[in-house]
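What follows is the content of query26.cif, which has mmCIF, C-alpha atoms and all ligand atoms:
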data_input
#
loop_
_atom_site.label_atom_id
_atom_site.label_comp_id
_atom_site.auth_asym_id
_atom_site.auth_seq_id
_atom_site.Cartn_x
_atom_site.Cartn_y
_atom_site.Cartn_z
CA MET A 255 1.33 13.33 15.61
CA ASN A 256 2.30 16.99 15.51
CA HIS A 257 1.50 17.57 11.88
CA VAL A 258 5.22 17.61 11.33
CA LEU A 259 4.93 16.22 7.84
CA ILE A 260 2.51 18.85 6.66
CA LYS A 261 4.94 21.46 7.99
CA LYS A 262 8.04 19.69 6.76
CA TYR A 263 7.10 18.79 3.20
CA ASP A 264 7.11 22.13 1.47
CA PRO A 265 5.19 22.02 -1.83
CA LEU A 266 7.15 25.02 -3.12
CA LYS A 267 10.31 22.96 -2.81
CA LYS A 268 8.62 20.03 -4.60
CA GLU A 269 9.24 17.73 -1.62
CA MET A 270 7.11 14.62 -1.84
CA LEU A 271 6.18 12.30 1.00
CA GLU A 272 7.24 8.70 0.27
CA ILE A 273 7.50 5.66 2.53
CA LEU A 274 7.28 2.54 0.35
CA ASP A 275 9.32 2.45 -2.86
CA LYS A 276 8.21 0.81 -6.09
CA ASP A 277 9.75 -2.51 -5.03
CA GLY A 278 7.75 -2.58 -1.82
CA LYS A 279 10.67 -1.57 0.45
CA ILE A 280 10.35 0.93 3.27
CA ILE A 281 12.65 3.82 2.38
CA ASN A 282 11.58 6.13 5.18
CA PRO A 283 11.46 3.91 8.29
CA THR A 284 10.84 6.73 10.76
CA LEU A 285 7.55 7.45 8.99
CA ASP A 286 6.32 3.84 8.82
CA PRO A 287 2.81 3.93 10.33
CA LYS A 288 3.27 0.29 11.43
CA LEU A 289 -0.26 -0.66 10.47
CA ASP A 290 -1.61 -3.92 11.85
CA LYS A 291 -2.07 -6.98 9.67
CA GLU A 292 -5.85 -6.61 9.54
CA THR A 293 -5.69 -3.05 8.18
CA LEU A 294 -2.95 -3.86 5.67
CA LEU A 295 -4.88 -6.84 4.35
CA LYS A 296 -8.12 -4.87 4.17
CA MET A 297 -6.27 -2.28 2.11
CA TYR A 298 -4.76 -4.86 -0.21
CA LYS A 299 -7.99 -6.79 -0.62
CA THR A 300 -9.89 -3.61 -1.49
CA MET A 301 -7.24 -2.64 -4.04
CA THR A 302 -7.34 -6.04 -5.71
CA LEU A 303 -11.13 -6.13 -5.76
CA GLY A 304 -11.12 -2.61 -7.18
CA ARG A 305 -8.70 -3.72 -9.90
CA VAL A 306 -10.80 -6.70 -10.95
CA ALA A 307 -14.05 -4.70 -10.82
CA ASP A 308 -12.38 -2.05 -12.96
CA LEU A 309 -11.06 -4.43 -15.64
CA ARG A 310 -14.37 -6.25 -15.81
CA ALA A 311 -16.38 -3.02 -16.06
CA VAL A 312 -14.43 -2.04 -19.18
CA GLN A 313 -15.04 -5.51 -20.67
CA TYR A 314 -18.78 -5.32 -19.94
CA GLN A 315 -18.93 -1.90 -21.58
CA ARG A 316 -17.12 -3.23 -24.65
CA GLN A 317 -19.68 -6.03 -24.83
CA GLY A 318 -22.43 -3.40 -24.86
CA ARG A 319 -23.65 -4.41 -21.40
CA MET A 320 -22.51 -1.37 -19.37
CA LEU A 321 -23.30 2.24 -20.29
CA THR A 322 -19.92 3.76 -19.56
CA PHE A 323 -17.13 3.62 -16.97
CA ALA A 324 -14.26 5.77 -15.67
CA PRO A 325 -11.30 3.44 -14.99
CA ASN A 326 -9.36 3.75 -11.73
CA ILE A 327 -6.39 1.52 -12.56
CA GLY A 328 -3.19 2.95 -11.13
CA GLN A 329 -4.98 5.11 -8.55
CA GLU A 330 -5.81 2.38 -6.02
CA ALA A 331 -3.20 3.34 -3.41
CA THR A 332 -4.18 7.01 -3.48
CA GLN A 333 -7.74 6.07 -2.67
CA VAL A 334 -7.33 3.18 -0.28
CA GLY A 335 -4.47 4.79 1.66
CA ALA A 336 -6.65 7.85 2.28
CA ALA A 337 -9.76 5.81 3.07
CA ALA A 338 -7.91 3.73 5.65
CA ALA A 339 -7.07 6.86 7.65
CA MET A 340 -10.67 8.10 7.75
CA GLN A 341 -13.00 7.54 10.68
CA GLN A 342 -16.52 6.20 10.63
CA GLY A 343 -18.46 9.49 10.85
CA ASP A 344 -16.32 11.26 8.23
CA TRP A 345 -17.88 12.29 4.93
CA LEU A 346 -16.77 11.66 1.38
CA SER A 347 -17.83 14.05 -1.37
CA PRO A 348 -16.51 12.29 -4.47
CA ALA A 349 -16.02 13.07 -8.15
CA PHE A 350 -16.47 10.08 -10.47
CA ARG A 351 -13.20 8.09 -10.24
CA GLU A 352 -13.37 6.85 -6.66
CA LEU A 353 -14.27 3.16 -6.94
CA ASN A 354 -11.63 2.01 -4.44
CA LEU A 355 -12.29 4.77 -1.93
CA MET A 356 -15.98 3.93 -1.97
CA LEU A 357 -15.40 0.21 -1.60
CA TYR A 358 -13.17 0.80 1.42
CA ARG A 359 -15.85 3.05 2.96
CA GLY A 360 -18.31 0.18 2.66
CA VAL A 361 -20.25 1.15 -0.46
CA PRO A 362 -21.34 -2.13 -2.09
CA LEU A 363 -19.97 -2.81 -5.56
CA SER A 364 -23.58 -3.41 -6.63
CA ASN A 365 -24.32 0.30 -6.10
CA ILE A 366 -21.32 1.42 -8.10
CA TYR A 367 -22.01 -1.00 -10.95
CA LEU A 368 -25.68 -0.03 -11.10
CA TYR A 369 -24.71 3.62 -11.47
CA TRP A 370 -22.34 3.01 -14.40
CA TYR A 371 -24.79 0.53 -15.88
CA GLY A 372 -26.97 3.58 -16.41
CA ASN A 373 -29.32 3.47 -13.45
CA GLU A 374 -28.93 6.53 -11.27
CA ASN A 375 -30.43 4.72 -8.29
CA GLY A 376 -26.98 3.15 -7.92
CA SER A 377 -25.70 6.52 -6.70
CA LYS A 378 -27.93 6.36 -3.60
CA PHE A 379 -25.22 4.97 -1.35
CA PRO A 380 -26.06 3.45 2.05
CA ARG A 381 -26.55 6.24 4.59
CA GLU A 382 -24.12 4.88 7.15
CA THR A 383 -21.23 5.16 4.66
CA ASN A 384 -21.56 8.98 4.55
CA VAL A 385 -20.66 8.91 0.86
CA LEU A 386 -22.40 11.52 -1.29
CA PRO A 387 -23.58 10.70 -4.83
CA VAL A 388 -21.15 10.59 -7.76
CA ASN A 389 -20.43 14.11 -8.98
CA ILE A 390 -19.74 14.53 -12.68
CA ILE A 391 -19.83 18.34 -12.59
CA ILE A 392 -16.19 19.14 -12.06
CA GLY A 393 -15.45 21.00 -8.83
CA SER A 394 -18.85 21.41 -7.23
CA GLN A 395 -18.24 18.53 -4.83
CA ILE A 396 -15.56 20.61 -3.08
CA ALA A 397 -17.99 23.40 -2.18
CA ILE A 398 -20.49 20.83 -0.91
CA ALA A 399 -17.79 19.28 1.28
CA ALA A 400 -16.78 22.71 2.60
CA GLY A 401 -20.39 23.19 3.71
CA ILE A 402 -20.46 19.80 5.41
CA ALA A 403 -17.20 20.59 7.18
CA MET A 404 -18.58 23.91 8.42
CA ALA A 405 -21.72 22.18 9.71
CA SER A 406 -19.60 19.57 11.47
CA LYS A 407 -17.59 22.29 13.18
CA LYS A 408 -20.69 24.26 14.23
CA GLN A 409 -22.24 21.13 15.70
CA GLY A 410 -19.03 20.35 17.59
CA LYS A 411 -18.63 17.01 15.85
CA ASN A 412 -15.35 15.25 15.40
CA GLU A 413 -15.97 14.57 11.71
CA ILE A 414 -14.15 15.81 8.66
CA ALA A 415 -15.32 16.06 5.07
CA LEU A 416 -13.02 14.63 2.42
CA ALA A 417 -13.58 15.88 -1.11
CA THR A 418 -11.78 14.38 -4.09
CA ILE A 419 -10.95 16.03 -7.40
CA GLY A 420 -8.66 15.51 -10.38
CA ASP A 421 -5.64 17.60 -11.37
CA GLY A 422 -7.64 19.26 -14.15
CA GLY A 423 -10.45 20.11 -11.75
CA THR A 424 -8.11 22.31 -9.69
CA SER A 425 -8.28 24.91 -12.49
CA HIS A 426 -11.98 25.39 -11.82
CA GLY A 427 -13.38 28.32 -9.87
CA ASP A 428 -15.35 26.06 -7.53
CA PHE A 429 -12.19 24.40 -6.28
CA ASN A 430 -10.52 27.69 -5.41
CA GLU A 431 -13.66 29.24 -3.94
CA ALA A 432 -14.25 26.25 -1.70
CA LEU A 433 -10.64 26.16 -0.46
CA ASN A 434 -10.77 29.84 0.35
CA PHE A 435 -14.12 29.62 2.09
CA ALA A 436 -13.25 26.56 4.16
CA GLY A 437 -9.88 28.13 4.98
CA ALA A 438 -11.47 31.36 6.19
CA MET A 439 -13.91 29.35 8.30
CA GLU A 440 -11.21 26.97 9.59
CA ALA A 441 -13.51 24.14 8.63
CA PRO A 442 -12.38 20.49 8.91
CA LEU A 443 -12.06 19.92 5.16
CA VAL A 444 -9.49 17.73 3.44
CA VAL A 445 -9.26 17.99 -0.33
CA LEU A 446 -7.56 15.10 -2.05
CA VAL A 447 -6.37 15.85 -5.55
CA GLN A 448 -5.85 12.71 -7.56
CA ASN A 449 -3.16 14.09 -9.85
CA ASN A 450 -3.26 11.36 -12.48
CA GLN A 451 -1.35 13.61 -14.92
CA TRP A 452 -4.19 13.98 -17.43
CA ALA A 453 -7.54 15.75 -17.72
CA ILE A 454 -8.96 13.78 -20.63
CA SER A 455 -6.40 14.77 -23.33
CA THR A 456 -4.92 17.78 -21.51
CA PRO A 457 -1.67 16.99 -19.70
CA ARG A 458 -1.02 18.39 -16.25
CA SER A 459 1.88 20.53 -17.56
CA VAL A 460 -0.43 22.34 -19.99
CA ALA A 461 -3.30 22.89 -17.55
CA THR A 462 -1.41 25.08 -15.07
CA LYS A 463 1.87 26.91 -14.62
CA ALA A 464 1.86 25.95 -10.91
CA GLU A 465 4.88 23.71 -10.24
CA THR A 466 2.83 21.51 -7.94
CA ILE A 467 -0.89 21.20 -7.32
CA ALA A 468 -0.21 21.15 -3.57
CA GLN A 469 1.06 24.73 -3.71
CA LYS A 470 -2.44 25.88 -4.69
CA ALA A 471 -3.13 25.62 -0.94
CA ILE A 472 -0.79 28.51 -0.20
CA ALA A 473 -2.97 31.24 -1.73
CA ALA A 474 -5.86 30.10 0.46
CA GLY A 475 -3.60 30.20 3.55
CA ILE A 476 -4.03 26.51 4.22
CA LYS A 477 -1.62 23.58 4.34
CA GLY A 478 -0.70 21.63 1.22
CA ILE A 479 1.32 18.45 0.92
CA GLN A 480 2.49 16.44 -2.08
CA VAL A 481 2.47 12.66 -1.64
CA ASP A 482 3.46 9.66 -3.73
CA GLY A 483 -0.03 8.56 -4.66
CA ASN A 484 1.11 5.06 -5.62
CA ASP A 485 2.37 4.48 -2.08
CA PRO A 486 -0.48 3.32 0.18
CA LEU A 487 1.52 3.90 3.38
CA ALA A 488 2.47 7.47 2.48
CA MET A 489 -1.14 8.17 1.56
CA TYR A 490 -2.30 6.75 4.89
CA VAL A 491 0.14 8.87 6.88
CA ALA A 492 -0.67 12.04 4.93
CA MET A 493 -4.41 11.55 5.34
CA LYS A 494 -4.12 10.75 9.04
CA GLU A 495 -2.15 13.94 9.68
CA ALA A 496 -4.37 15.98 7.40
CA ARG A 497 -7.45 14.75 9.25
CA GLU A 498 -6.04 15.74 12.63
CA HIS A 499 -4.85 19.08 11.30
CA ALA A 500 -8.25 19.76 9.71
CA LEU A 501 -10.07 19.16 12.99
CA LYS A 502 -7.68 21.34 14.98
CA THR A 503 -6.68 24.10 12.60
CA GLY A 504 -8.50 23.97 9.26
CA PRO A 505 -8.33 22.59 5.72
CA VAL A 506 -5.52 20.61 4.11
CA LEU A 507 -4.89 20.00 0.44
CA ILE A 508 -3.26 16.67 -0.41
CA GLU A 509 -1.84 16.23 -3.89
CA ALA A 510 -1.46 12.54 -4.67
CA VAL A 511 0.97 12.08 -7.54
CA THR A 512 -0.28 9.11 -9.50
CA TYR A 513 -1.21 8.06 -13.02
CA ARG A 514 -4.32 7.14 -14.96
CA ILE A 515 -3.27 3.86 -16.60
CA GLY A 516 -6.58 3.41 -18.42
CA ALA A 517 -8.63 5.67 -20.67
CA HIS A 518 -10.41 8.73 -19.29
CA THR A 519 -13.67 6.84 -19.73
CA THR A 520 -14.75 4.07 -22.05
CA SER A 521 -15.60 6.83 -24.61
CA ASP A 522 -11.96 7.89 -24.81
CA ASP A 523 -8.96 6.58 -26.79
CA PRO A 524 -5.76 7.79 -25.09
CA SER A 525 -3.53 6.38 -27.86
CA LEU A 526 -4.57 9.46 -29.86
CA TYR A 527 -2.85 11.89 -27.50
CA ARG A 528 -0.31 10.18 -25.24
CA ASP A 529 2.81 8.14 -25.66
CA GLU A 530 2.50 4.48 -24.67
CA LYS A 531 6.05 4.69 -23.24
CA GLU A 532 4.78 7.00 -20.52
CA VAL A 533 2.13 4.46 -19.58
CA GLU A 534 4.70 1.64 -19.51
CA GLU A 535 6.93 3.66 -17.18
CA TRP A 536 4.09 4.20 -14.74
CA LYS A 537 3.08 0.55 -14.86
CA LEU A 538 6.43 -0.18 -13.20
CA LYS A 539 5.17 1.81 -10.21
CA ASP A 540 1.96 -0.24 -9.92
CA PRO A 541 0.48 0.40 -6.46
CA ASN A 542 -1.06 -3.05 -6.07
CA GLU A 543 2.19 -4.84 -6.94
CA ARG A 544 4.03 -2.56 -4.53
CA LEU A 545 1.80 -3.39 -1.60
CA LYS A 546 1.80 -7.09 -2.50
CA LYS A 547 5.62 -7.18 -2.49
CA TYR A 548 5.66 -5.44 0.87
CA LEU A 549 3.13 -7.84 2.39
CA ILE A 550 5.02 -10.88 1.10
CA SER A 551 8.31 -9.49 2.44
CA GLN A 552 6.66 -9.10 5.84
CA LYS A 553 5.29 -12.67 5.65
CA LEU A 554 1.74 -11.35 5.82
CA TRP A 555 0.75 -12.70 2.41
CA SER A 556 1.72 -15.38 -0.13
CA GLU A 557 1.50 -16.03 -3.87
CA GLU A 558 -0.93 -18.91 -3.19
CA GLU A 559 -3.26 -16.66 -1.23
CA ASP A 560 -2.99 -14.12 -4.02
CA ILE A 561 -4.14 -16.59 -6.66
CA ALA A 562 -7.07 -17.66 -4.48
CA LEU A 563 -8.02 -14.03 -3.85
CA ASP A 564 -7.99 -13.26 -7.57
CA GLU A 565 -10.38 -16.15 -8.25
CA GLU A 566 -12.63 -15.04 -5.41
CA ASN A 567 -12.68 -11.46 -6.68
CA ASN A 568 -13.52 -12.52 -10.23
CA LYS A 569 -16.35 -14.75 -9.04
CA TYR A 570 -17.77 -12.03 -6.80
CA VAL A 571 -17.59 -9.35 -9.49
CA GLN A 572 -19.35 -11.57 -12.02
CA GLU A 573 -22.12 -12.33 -9.52
CA VAL A 574 -22.59 -8.64 -8.76
CA PHE A 575 -22.77 -7.77 -12.44
CA ALA A 576 -25.32 -10.51 -13.11
CA GLU A 577 -27.50 -8.94 -10.40
CA THR A 578 -26.93 -5.48 -11.91
CA GLU A 579 -28.21 -6.64 -15.28
CA LYS A 580 -31.32 -8.01 -13.60
CA SER A 581 -32.03 -4.63 -11.94
CA GLY A 582 -32.48 -2.99 -15.30
CA LEU A 583 -32.63 0.66 -16.28
CA LEU A 584 -34.82 3.57 -15.26
CA GLU A 585 -37.87 4.51 -17.30
CA LEU A 586 -37.02 7.20 -19.85
CA GLU A 587 -39.45 9.60 -18.19
CA GLU A 588 -37.46 9.46 -14.94
CA VAL A 589 -34.48 11.08 -16.65
CA PHE A 590 -36.53 14.24 -17.17
CA LYS A 591 -39.21 14.47 -14.56
CA TYR A 592 -37.34 15.35 -11.35
CA THR A 593 -35.44 18.50 -12.36
CA TYR A 594 -38.47 20.76 -11.85
CA ASP A 595 -41.91 20.31 -10.39
CA GLU A 596 -43.18 20.09 -13.95
CA MET A 597 -41.20 19.41 -17.09
CA THR A 598 -40.33 22.53 -19.10
CA PRO A 599 -41.47 22.70 -22.77
CA ASN A 600 -37.86 21.95 -23.81
CA GLN A 601 -37.76 18.88 -21.61
CA VAL A 602 -41.10 17.67 -22.98
CA GLU A 603 -39.76 18.09 -26.50
CA GLN A 604 -36.59 16.16 -25.68
CA TYR A 605 -38.52 13.47 -23.87
CA GLU A 606 -40.91 12.97 -26.82
CA TYR A 607 -37.98 12.88 -29.23
CA TYR A 608 -36.12 10.15 -27.31
CA LYS A 609 -39.31 8.20 -26.71
CA LYS A 610 -39.91 8.00 -30.47
CA PHE A 611 -36.22 7.28 -31.05
CA LEU A 612 -36.28 4.35 -28.60
CA GLU A 613 -39.54 3.00 -30.03
CA GLY A 614 -38.01 3.17 -33.51
CA SER A 615 -34.90 1.30 -32.40
CA LYS A 616 -36.86 -1.62 -30.94
C1 LIG A 701 -17.96 21.71 -15.13
C2 LIG A 701 -17.51 20.63 -16.05
N1 LIG A 701 -16.78 20.95 -17.14
C3 LIG A 701 -16.36 19.98 -18.00
C4 LIG A 701 -16.70 18.67 -17.77
C5 LIG A 701 -16.24 17.58 -18.74
N2 LIG A 701 -15.16 16.78 -18.13
C6 LIG A 701 -15.43 15.61 -17.54
S1 LIG A 701 -14.06 14.93 -16.88
C7 LIG A 701 -13.08 16.18 -17.40
C8 LIG A 701 -11.60 16.19 -17.10
C9 LIG A 701 -11.30 15.95 -15.67
O1 LIG A 701 -9.93 15.86 -15.46
P1 LIG A 701 -9.36 15.76 -14.00
O2 LIG A 701 -9.96 16.80 -13.13
O3 LIG A 701 -7.88 15.71 -14.08
O4 LIG A 701 -9.95 14.35 -13.45
P2 LIG A 701 -9.69 12.89 -14.04
O5 LIG A 701 -10.72 12.68 -15.11
O6 LIG A 701 -8.31 12.84 -14.56
O7 LIG A 701 -9.91 11.97 -12.91
C10 LIG A 701 -13.83 17.14 -18.07
C11 LIG A 701 -13.28 18.37 -18.67
C12 LIG A 701 -17.48 18.37 -16.62
N3 LIG A 701 -17.82 17.13 -16.31
N4 LIG A 701 -17.86 19.36 -15.77
MG MG A 702 -6.66 14.01 -14.07
#
Written as structure tokens, how would this file's structure read?
Ligand SMILES: Cc1ncc(C[n+]2csc(CCOP(=O)(O)OP(=O)(O)O)c2C)c(N)n1
Ligand SMILES: [Mg+2]
Amino acid sequence: MNHVLIKKYDPLKKEMLEILDKDGKIINPTLDPKLDKETLLKMYKTMTLGRVADLRAVQYQRQGRMLTFAPNIGQEATQVGAAAAMQQGDWLSPAFRELNLMLYRGVPLSNIYLYWYGNENGSKFPRETNVLPVNIIIGSQIAIAAGIAMASKKQGKNEIALATIGDGGTSHGDFNEALNFAGAMEAPLVVLVQNNQWAISTPRSVATKAETIAQKAIAAGIKGIQVDGNDPLAMYVAMKEAREHALKTGPVLIEAVTYRIGAHTTSDDPSLYRDEKEVEEWKLKDPNERLKKYLISQKLWSEEEDIALDEENNKYVQEVFAETEKSGLLELEEVFKYTYDEMTPNQVEQYEYYKKFLEGSK
């Protein structure tokens, strides 16, 4: 590929890369990546497992069995399409809403569940996946990825760093600093913005006057492309090109236009700030349904197989969660004792306070 798409789709003109429409039909045949059956099914199976794991996690939290969770529903194609175009040695520096991307990279669901269960050990992902720990601090994961990309380039490796961030996160200094730095260094960095239209209760239109998020690339002198984030094929093609461009020329910013169907986290109630009609409209563009329709139209999948897969996913997720509950939580002390060599007086005070609080609540 000649990076034609990155050149052709001008974010200032609000041109968006699309291949598969909401009914699962190819509308841009010249761009069809013609993925093999094995890859397409791996993508679909990851997206369906991600969906079940997501729905169940919210249920477990509501039952008081999971600490918290950040739902991914609606963003599966953004994540899996990008993951499918990555190579083995590539790095992922994630935020906190990347369940599907992590699953596709080979992170076990048990790790992800343990983390949200409240045990930070879950965030120690298997080394060979090259997935960094969950990053709650908005934006800092981009600078870390820029550093990894620079190291990769210096060492002459053929590996990129992919960093993910939300639409709201692109207003942060760290995001802009990292883009500029990686751009200046021509480092193989790809930044994937999951534009899910909301940053907790702040809509995308209020957070920035920029017409697109992709155009934020222009100030850093790097390439930006806007993609239909609910289209797994478009996401695959964009990521594949971006990866090649990053290795040859320098960073790329991909804006995936998608939607957060669920709450921000289980602590949030979106009915307080957004219109349910908006959610219903986006549900019609469901990425999983879209890929399923495409696979069935290509005779690569059937309704019967889909029912069986759903049962299998539910069984697997329940088994993983049962194991998670057995693993238990960290000791209270562990929350405090690793920040410094010794706990500061403030930390000791907080530790003692919570210790008494927990003893009192027994
Ligand atoms: C530096 C920093 N400031 C504020 C927060 C609190 N916070 C957590 S998520 C969030 C909104 C993120 O929105 P967006 O970047 O669009 O990602 P999304 O949650 O939609 O995936 C905020 C403000 C934080 N975690 N880190
Ligand atoms: Mg957002």
Show me which residues are within 6 Å of ligand LIG 701 (chain A) counting only C-alpha atoms and all ligand atoms, and format the list as an mmCIF file with C-alpha atoms, in the frame of the given file.
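File written: pocket.cif
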data_model
loop_
_atom_site.group_PDB
_atom_site.id
_atom_site.type_symbol
_atom_site.label_atom_id
_atom_site.label_comp_id
_atom_site.auth_asym_id
_atom_site.auth_seq_id
_atom_site.Cartn_x
_atom_site.Cartn_y
_atom_site.Cartn_z
ATOM 1 C CA ARG A 351 -13.200 8.090 -10.240
ATOM 2 C CA ILE A 390 -19.740 14.530 -12.680
ATOM 3 C CA ILE A 391 -19.830 18.340 -12.590
ATOM 4 C CA ILE A 392 -16.190 19.140 -12.060
ATOM 5 C CA ILE A 419 -10.950 16.030 -7.400
ATOM 6 C CA GLY A 420 -8.660 15.510 -10.380
ATOM 7 C CA ASP A 421 -5.640 17.600 -11.370
ATOM 8 C CA GLY A 422 -7.640 19.260 -14.150
ATOM 9 C CA GLY A 423 -10.450 20.110 -11.750
ATOM 10 C CA ASN A 450 -3.260 11.360 -12.480
ATOM 11 C CA TRP A 452 -4.190 13.980 -17.430
ATOM 12 C CA ALA A 453 -7.540 15.750 -17.720
ATOM 13 C CA ILE A 454 -8.960 13.780 -20.630
ATOM 14 C CA HIS A 518 -10.410 8.730 -19.290
#
Residues at most 12 Å from ligand MG 702 (chain A), using all atoms listed in the file? Could they come as a short mmCIF file (atom, residue, chain, number, x, y, z; two decimals) with C-alpha atoms, in the coordinates of the input?
data_model
loop_
_atom_site.label_atom_id
_atom_site.label_comp_id
_atom_site.auth_asym_id
_atom_site.auth_seq_id
_atom_site.Cartn_x
_atom_site.Cartn_y
_atom_site.Cartn_z
CA ALA A 324 -14.26 5.77 -15.67
CA PRO A 325 -11.30 3.44 -14.99
CA ASN A 326 -9.36 3.75 -11.73
CA GLY A 328 -3.19 2.95 -11.13
CA GLN A 329 -4.98 5.11 -8.55
CA ALA A 349 -16.02 13.07 -8.15
CA PHE A 350 -16.47 10.08 -10.47
CA ARG A 351 -13.20 8.09 -10.24
CA ILE A 392 -16.19 19.14 -12.06
CA THR A 418 -11.78 14.38 -4.09
CA ILE A 419 -10.95 16.03 -7.40
CA GLY A 420 -8.66 15.51 -10.38
CA ASP A 421 -5.64 17.60 -11.37
CA GLY A 422 -7.64 19.26 -14.15
CA GLY A 423 -10.45 20.11 -11.75
CA THR A 424 -8.11 22.31 -9.69
CA SER A 425 -8.28 24.91 -12.49
CA VAL A 447 -6.37 15.85 -5.55
CA GLN A 448 -5.85 12.71 -7.56
CA ASN A 449 -3.16 14.09 -9.85
CA ASN A 450 -3.26 11.36 -12.48
CA GLN A 451 -1.35 13.61 -14.92
CA TRP A 452 -4.19 13.98 -17.43
CA ALA A 453 -7.54 15.75 -17.72
CA ILE A 454 -8.96 13.78 -20.63
CA SER A 455 -6.40 14.77 -23.33
CA THR A 456 -4.92 17.78 -21.51
CA PRO A 457 -1.67 16.99 -19.70
CA ARG A 458 -1.02 18.39 -16.25
CA SER A 459 1.88 20.53 -17.56
CA VAL A 460 -0.43 22.34 -19.99
CA ALA A 461 -3.30 22.89 -17.55
CA ILE A 467 -0.89 21.20 -7.32
CA GLU A 509 -1.84 16.23 -3.89
CA ALA A 510 -1.46 12.54 -4.67
CA VAL A 511 0.97 12.08 -7.54
CA THR A 512 -0.28 9.11 -9.50
CA TYR A 513 -1.21 8.06 -13.02
CA ARG A 514 -4.32 7.14 -14.96
CA ILE A 515 -3.27 3.86 -16.60
CA GLY A 516 -6.58 3.41 -18.42
CA ALA A 517 -8.63 5.67 -20.67
CA HIS A 518 -10.41 8.73 -19.29
CA THR A 519 -13.67 6.84 -19.73
#
May I have the residues within 10 Å of stretch 575-581 of chain A as a compact mmCIF listing (two decimals) with C-alpha atoms, in the frame of the given file, using all atoms listed in the file and disregarding those fewer than 4 positions away in the same chain?
# COMPACT_ATOMS: atom_id res chain seq x y z
CA ALA A 307 -14.05 -4.70 -10.82
CA ARG A 310 -14.37 -6.25 -15.81
CA ALA A 311 -16.38 -3.02 -16.06
CA TYR A 314 -18.78 -5.32 -19.94
CA ARG A 319 -23.65 -4.41 -21.40
CA MET A 320 -22.51 -1.37 -19.37
CA LEU A 363 -19.97 -2.81 -5.56
CA SER A 364 -23.58 -3.41 -6.63
CA ASN A 365 -24.32 0.30 -6.10
CA ILE A 366 -21.32 1.42 -8.10
CA TYR A 367 -22.01 -1.00 -10.95
CA LEU A 368 -25.68 -0.03 -11.10
CA TYR A 369 -24.71 3.62 -11.47
CA TRP A 370 -22.34 3.01 -14.40
CA TYR A 371 -24.79 0.53 -15.88
CA ASN A 373 -29.32 3.47 -13.45
CA GLY A 376 -26.98 3.15 -7.92
CA TYR A 570 -17.77 -12.03 -6.80
CA VAL A 571 -17.59 -9.35 -9.49
Inset, instruction - Please provide the set of residues having any atom within 12 Å of A:Val481, restricted to all atoms listed in the file, with same-chain residues fewer than 4 positions apart removed, written as a VMD selection string. - result: chain A and resid 259 to 260 263 to 265 268 to 274 331 to 332 335 to 336 446 to 449 466 to 468 485 to 493 496 507 to 512
Inset, instruction - Name all residues at most 12 Å from stretch 547-555 of chain A (count all atoms listed in the file; drop same-chain ones fewer than 5 positions away) and give them as an NGL selection string. - result: :A and (273-281 or 288-299 or 485-487 or 539-542 or 560-563)
